[in-house]
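J.: My structure is stored as start_3.txt, with compact mmCIF, C-alpha atoms.
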# COMPACT_ATOMS: atom_id res chain seq x y z
CA MET K 25 0.00 0.00 0.00
CA ALA K 26 1.25 3.50 -0.84
CA LYS K 27 2.00 6.04 1.90
CA LEU K 28 0.54 9.57 1.88
CA ILE K 29 1.73 12.22 4.34
CA SER K 30 -0.08 15.53 4.81
CA TRP K 31 1.45 18.43 6.80
CA ASN K 32 0.47 22.05 7.38
CA ILE K 33 3.98 23.48 7.14
CA ASP K 34 2.93 27.11 7.80
CA SER K 35 5.62 28.61 5.53
CA LEU K 36 7.83 26.48 3.37
CA ASN K 37 9.92 29.58 2.63
CA ALA K 38 10.76 30.04 6.33
CA ALA K 39 11.45 26.33 6.78
CA LEU K 40 13.90 26.29 3.88
CA THR K 41 15.64 29.66 4.23
CA SER K 42 15.45 30.84 7.85
CA THR K 43 17.63 29.96 10.83
CA SER K 44 15.01 30.75 13.49
CA ALA K 45 14.22 28.15 16.15
CA ARG K 46 10.87 27.48 14.46
CA ALA K 47 12.52 27.04 11.05
CA LEU K 48 15.02 24.59 12.53
CA LEU K 49 12.12 22.55 13.94
CA SER K 50 10.45 22.57 10.51
CA GLN K 51 13.71 21.43 8.93
CA ASP K 52 13.81 18.52 11.41
CA VAL K 53 10.27 17.60 10.36
CA LEU K 54 11.27 17.73 6.67
CA LYS K 55 14.17 15.34 7.44
CA LYS K 56 11.79 13.04 9.32
CA LEU K 57 9.26 13.13 6.44
CA SER K 58 11.97 12.19 3.95
CA SER K 59 12.93 9.21 6.13
CA TYR K 60 9.37 7.80 5.80
CA ASP K 61 9.89 7.33 2.05
CA ALA K 62 6.22 8.13 1.33
CA GLU K 63 4.95 7.99 -2.23
CA ILE K 64 3.04 11.28 -1.83
CA ILE K 65 3.69 14.22 0.50
CA ALA K 66 1.11 17.03 0.61
CA LEU K 67 2.07 20.37 2.15
CA GLN K 68 -0.42 23.09 3.05
CA GLU K 69 0.15 26.79 3.72
CA THR K 70 3.43 26.93 1.84
CA LYS K 71 3.18 30.73 1.78
CA LEU K 72 5.19 30.92 -1.43
CA PRO K 73 4.90 33.81 -3.89
CA SER K 74 2.33 33.49 -6.69
CA GLU K 75 5.05 32.43 -9.15
CA GLY K 76 5.83 29.44 -6.93
CA PRO K 77 9.07 28.16 -5.45
CA SER K 78 12.32 29.80 -6.48
CA PRO K 79 15.22 27.78 -7.91
CA LYS K 80 16.79 27.97 -4.44
CA HIS K 81 13.60 26.56 -2.84
CA LEU K 82 13.58 23.69 -5.36
CA GLU K 83 17.27 22.98 -4.78
CA LEU K 84 16.77 22.85 -1.00
CA LEU K 85 13.65 20.66 -1.33
CA SER K 86 15.57 18.29 -3.60
CA SER K 87 18.18 17.87 -0.88
CA TYR K 88 15.44 16.38 1.34
CA PHE K 89 13.41 14.59 -1.34
CA LEU K 90 15.78 13.20 -3.97
CA ASP K 91 13.44 11.03 -6.04
CA TYR K 92 10.34 13.26 -6.09
CA LYS K 93 8.54 15.45 -8.58
CA ILE K 94 6.95 18.64 -7.29
CA GLU K 95 3.68 20.40 -8.13
CA TRP K 96 2.35 23.51 -6.40
CA ILE K 97 -0.54 25.94 -6.41
CA SER K 98 0.01 29.38 -4.93
CA SER K 99 -2.78 31.42 -3.42
CA GLU K 100 -4.67 33.79 -5.67
CA PRO K 101 -6.99 36.69 -4.85
CA PRO K 102 -9.24 36.93 -2.92
CA ALA K 103 -6.89 34.89 -0.68
CA LYS K 104 -4.31 36.94 1.19
CA LYS K 105 -1.24 37.38 -1.06
CA GLY K 106 1.44 34.78 -0.34
CA TYR K 107 -0.63 33.37 2.51
CA ALA K 108 -1.90 29.94 1.58
CA GLY K 109 -0.70 27.67 -1.19
CA THR K 110 -0.22 23.94 -1.44
CA MET K 111 2.51 21.64 -2.73
CA VAL K 112 2.52 17.97 -3.58
CA LEU K 113 5.73 15.97 -3.80
CA TYR K 114 5.37 12.53 -5.37
CA LYS K 115 7.77 9.74 -6.24
CA ASN K 116 9.26 9.82 -9.73
CA ASN K 117 7.59 6.48 -10.57
CA PHE K 118 4.15 8.10 -10.12
CA SER K 119 2.55 10.11 -12.88
CA ALA K 120 0.35 13.07 -12.16
CA LYS K 121 -1.47 15.68 -14.14
CA LYS K 122 -1.82 19.14 -12.67
CA GLU K 123 -5.39 20.31 -13.07
CA ASP K 124 -6.69 23.83 -12.84
CA ALA K 125 -9.81 22.52 -11.16
CA LYS K 126 -11.39 24.89 -8.70
CA LEU K 127 -12.45 22.37 -6.07
CA LEU K 128 -14.45 23.68 -3.13
CA THR K 129 -15.32 26.96 -4.85
CA ASP K 130 -18.90 26.40 -6.04
CA GLY K 131 -20.28 25.17 -2.73
CA ASN K 132 -20.63 21.48 -3.67
CA ARG K 133 -18.32 20.13 -0.99
CA GLN K 134 -19.84 16.65 -1.03
CA ARG K 135 -18.99 16.19 -4.71
CA ASP K 136 -15.54 17.78 -4.42
CA ALA K 137 -14.50 15.80 -1.34
CA GLN K 138 -15.71 12.54 -2.93
CA THR K 139 -13.87 13.35 -6.18
CA LEU K 140 -10.65 14.01 -4.27
CA CYS K 141 -11.12 10.90 -2.14
CA ASP K 142 -11.76 8.71 -5.20
CA TYR K 143 -8.62 10.05 -6.84
CA LEU K 144 -6.46 9.46 -3.75
CA CYS K 145 -7.82 5.93 -3.30
CA LYS K 146 -7.00 5.16 -6.93
CA VAL K 147 -3.47 6.62 -6.75
CA LEU K 148 -2.74 4.92 -3.42
CA LYS K 149 -4.35 1.66 -4.62
CA ILE K 150 -6.62 1.35 -1.61
CA ALA K 151 -10.26 0.35 -1.35
CA PRO K 152 -12.76 3.11 -2.12
CA VAL K 153 -13.88 5.29 0.77
CA LYS K 154 -17.23 7.08 0.88
CA VAL K 155 -17.27 10.72 2.02
CA VAL K 156 -20.30 12.12 3.86
CA VAL K 157 -20.48 15.88 4.35
CA THR K 158 -23.08 16.61 6.99
CA LYS K 159 -24.69 19.95 7.85
CA ARG K 160 -24.81 18.87 11.50
CA THR K 161 -22.74 21.03 13.80
CA GLN K 162 -19.32 19.99 15.00
CA PRO K 163 -19.67 18.17 18.33
CA HIS K 164 -17.92 19.83 21.27
CA ARG K 165 -17.02 18.17 24.55
CA THR K 166 -16.91 20.35 27.64
CA LYS K 167 -16.09 19.76 31.28
CA ASN K 168 -17.21 22.27 33.90
CA GLY K 169 -17.99 24.78 31.16
CA THR K 170 -14.51 24.53 29.57
CA LEU K 171 -14.05 23.31 25.99
CA LYS K 172 -12.08 20.05 26.02
CA SER K 173 -12.30 18.93 22.39
CA LYS K 174 -13.98 19.49 19.04
CA THR K 175 -14.75 16.86 16.43
CA TYR K 176 -14.36 18.07 12.85
CA GLY K 177 -14.64 14.70 11.17
CA PHE K 178 -14.01 11.01 11.64
CA TYR K 179 -13.34 7.77 9.79
CA ARG K 180 -15.36 4.56 10.27
CA PRO K 181 -13.12 1.69 9.15
CA GLY K 182 -15.90 -0.93 9.04
CA ALA K 183 -18.09 1.24 6.84
CA LYS K 184 -15.11 2.76 4.98
CA THR K 185 -16.69 6.17 5.46
CA ILE K 186 -15.24 9.61 6.21
CA THR K 187 -17.75 11.97 7.81
CA ILE K 188 -17.03 15.72 7.87
CA TYR K 189 -19.06 18.23 9.89
CA ASP K 190 -19.62 21.29 7.71
CA THR K 191 -21.27 23.63 10.25
CA THR K 192 -19.53 25.45 13.09
CA ALA K 193 -20.87 24.74 16.57
CA ILE K 194 -20.93 28.26 17.94
CA LYS K 195 -21.98 30.51 15.03
CA GLN K 196 -23.83 27.82 13.06
CA GLN K 197 -22.00 28.86 9.85
CA GLN K 198 -20.44 26.79 7.11
CA VAL K 199 -16.84 25.98 8.06
CA SER K 200 -14.12 27.74 6.10
CA ILE K 201 -12.66 26.07 3.03
CA LYS K 202 -9.32 25.78 4.82
CA CYS K 203 -10.88 24.06 7.84
CA PHE K 204 -12.87 21.76 5.55
CA ALA K 205 -9.79 20.81 3.48
CA ASP K 206 -7.66 20.32 6.61
CA THR K 207 -10.37 18.11 8.13
CA PHE K 208 -10.59 16.03 4.97
CA SER K 209 -6.82 15.56 4.62
CA GLY K 210 -6.34 14.88 8.33
CA THR K 211 -9.17 12.35 8.41
CA PHE K 212 -8.01 10.69 5.19
CA THR K 213 -4.43 10.29 6.45
CA GLY K 214 -5.46 9.38 9.99
CA ASN K 215 -3.99 12.51 11.64
Would you give me this structure, written as structure tokens?
T.:
Amino acid sequence: MAKLISWNIDSLNAALTSTSARALLSQDVLKKLSSYDAEIIALQETKLPSEGPSPKHLELLSSYFLDYKIEWISSEPPAKKGYAGTMVLYKNNFSAKKEDAKLLTDGNRQRDAQTLCDYLCKVLKIAPVKVVVTKRTQPHRTKNGTLKSKTYGFYRPGAKTITIYDTTAIKQQQVSIKCFADTFSGTFTGN
């Protein structure tokens, strides 16, 4: 079975080019990720410029991930400039086609999450998984009036189903695209 790793890096630029304590921790995580020898590594919040990684970024990434191809999407307006962005590193023996699909932009999250899930299951050669996007609010657990935990989504192995809560508990609003995507990727990868 293929391995997929998903990580919210919160600034690939800082991780690759800075010497701050936080950057050094991120560099340790990059080393650890490379040791797992995963077929696919997905990074969120790369915070790269709209033109993507520089030659220096690519050179530094290649020092961690020798046998990988790299695809990226930088944030575009109305997103905050240089704020979000994603990157996928995948083994050279995999083939991928970068699509300009605008997933999660027309409000049909059920369809988009299932499409993404079907694609990942196919690439990773695992059994299909059904995605259920529910309008129910995210369950919160409290103790003595203090929030202890929130549930954004969960996986039921027996049913091979991922359930994602798409409504915030407090304001009863649709969760942000970022929160939705993070919940999907975290639930899919078991994080």
J.: Which residues, written as an mmCIF file with C-alpha atoms, keeping the file's coordinate frame, have at least one atom at most 10 Å from Met111 of chain K, with only C-alpha atoms counted and residues fewer than 6 positions away on the same chain left out?
T.:
data_model
loop_
_atom_site.group_PDB
_atom_site.id
_atom_site.type_symbol
_atom_site.label_atom_id
_atom_site.label_comp_id
_atom_site.auth_asym_id
_atom_site.auth_seq_id
_atom_site.Cartn_x
_atom_site.Cartn_y
_atom_site.Cartn_z
ATOM 1 C CA LEU K 36 7.830 26.480 3.370
ATOM 2 C CA ILE K 65 3.690 14.220 0.500
ATOM 3 C CA ALA K 66 1.110 17.030 0.610
ATOM 4 C CA LEU K 67 2.070 20.370 2.150
ATOM 5 C CA GLN K 68 -0.420 23.090 3.050
ATOM 6 C CA GLU K 69 0.150 26.790 3.720
ATOM 7 C CA THR K 70 3.430 26.930 1.840
ATOM 8 C CA LEU K 72 5.190 30.920 -1.430
ATOM 9 C CA GLY K 76 5.830 29.440 -6.930
ATOM 10 C CA PRO K 77 9.070 28.160 -5.450
ATOM 11 C CA ILE K 94 6.950 18.640 -7.290
ATOM 12 C CA GLU K 95 3.680 20.400 -8.130
ATOM 13 C CA TRP K 96 2.350 23.510 -6.400
ATOM 14 C CA ILE K 97 -0.540 25.940 -6.410
ATOM 15 C CA SER K 98 0.010 29.380 -4.930
#
J.: Hey, can you pull every residue with an atom no more than 12 Å from (-12.8, 12.2, -5.0), using all atoms listed in the file, and send it as a compact mmCIF listing (two decimals) with C-alpha atoms, in the frame of the given file?
T.:
# COMPACT_ATOMS: atom_id res chain seq x y z
CA LEU K 127 -12.45 22.37 -6.07
CA LEU K 128 -14.45 23.68 -3.13
CA ARG K 133 -18.32 20.13 -0.99
CA GLN K 134 -19.84 16.65 -1.03
CA ARG K 135 -18.99 16.19 -4.71
CA ASP K 136 -15.54 17.78 -4.42
CA ALA K 137 -14.50 15.80 -1.34
CA GLN K 138 -15.71 12.54 -2.93
CA THR K 139 -13.87 13.35 -6.18
CA LEU K 140 -10.65 14.01 -4.27
CA CYS K 141 -11.12 10.90 -2.14
CA ASP K 142 -11.76 8.71 -5.20
CA TYR K 143 -8.62 10.05 -6.84
CA LEU K 144 -6.46 9.46 -3.75
CA CYS K 145 -7.82 5.93 -3.30
CA LYS K 146 -7.00 5.16 -6.93
CA VAL K 147 -3.47 6.62 -6.75
CA PRO K 152 -12.76 3.11 -2.12
CA VAL K 153 -13.88 5.29 0.77
CA LYS K 154 -17.23 7.08 0.88
CA VAL K 155 -17.27 10.72 2.02
CA VAL K 156 -20.30 12.12 3.86
CA ILE K 186 -15.24 9.61 6.21
CA PHE K 208 -10.59 16.03 4.97
CA SER K 209 -6.82 15.56 4.62
CA PHE K 212 -8.01 10.69 5.19
J.: Which residues, written as number ranges by chain, have at least one atom at most 7 Å from segment 164-179 of chain K, with all atoms listed in the file counted and residues fewer than 2 positions away on the same chain left out?
T.: K: 162, 181, 185-189, 207, 211
J.: Between K:Lys159, K:Lys27, K:Lys80, K:Arg46, which one has atoms that come closest to Ala62 of chain K, using all atoms listed in the file?
T.: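 Checking each of K:Lys159, K:Lys27, K:Lys80, K:Arg46 against Ala62 of chain K, counting all atoms listed in the file, the winner is K:Lys27.
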J.: Quick check, in Å to one decimal: how far apart do atom CA of Ala26 of chain K and atom CA of Ser87 of chain K lie?
T.: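 Distance between the two atoms: 22.2 Å.
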J.: Write out as a list in words each polymer residue whose atoms come within 12 Å of Ser78 of chain K, counting all atoms listed in the file; drop sequence neighbours fewer than 5 positions from it.
T.: Leu36, Asn37, Leu40, Thr41, Leu72, Pro73, Glu83, Leu84, Leu85 and Trp96 of chain K
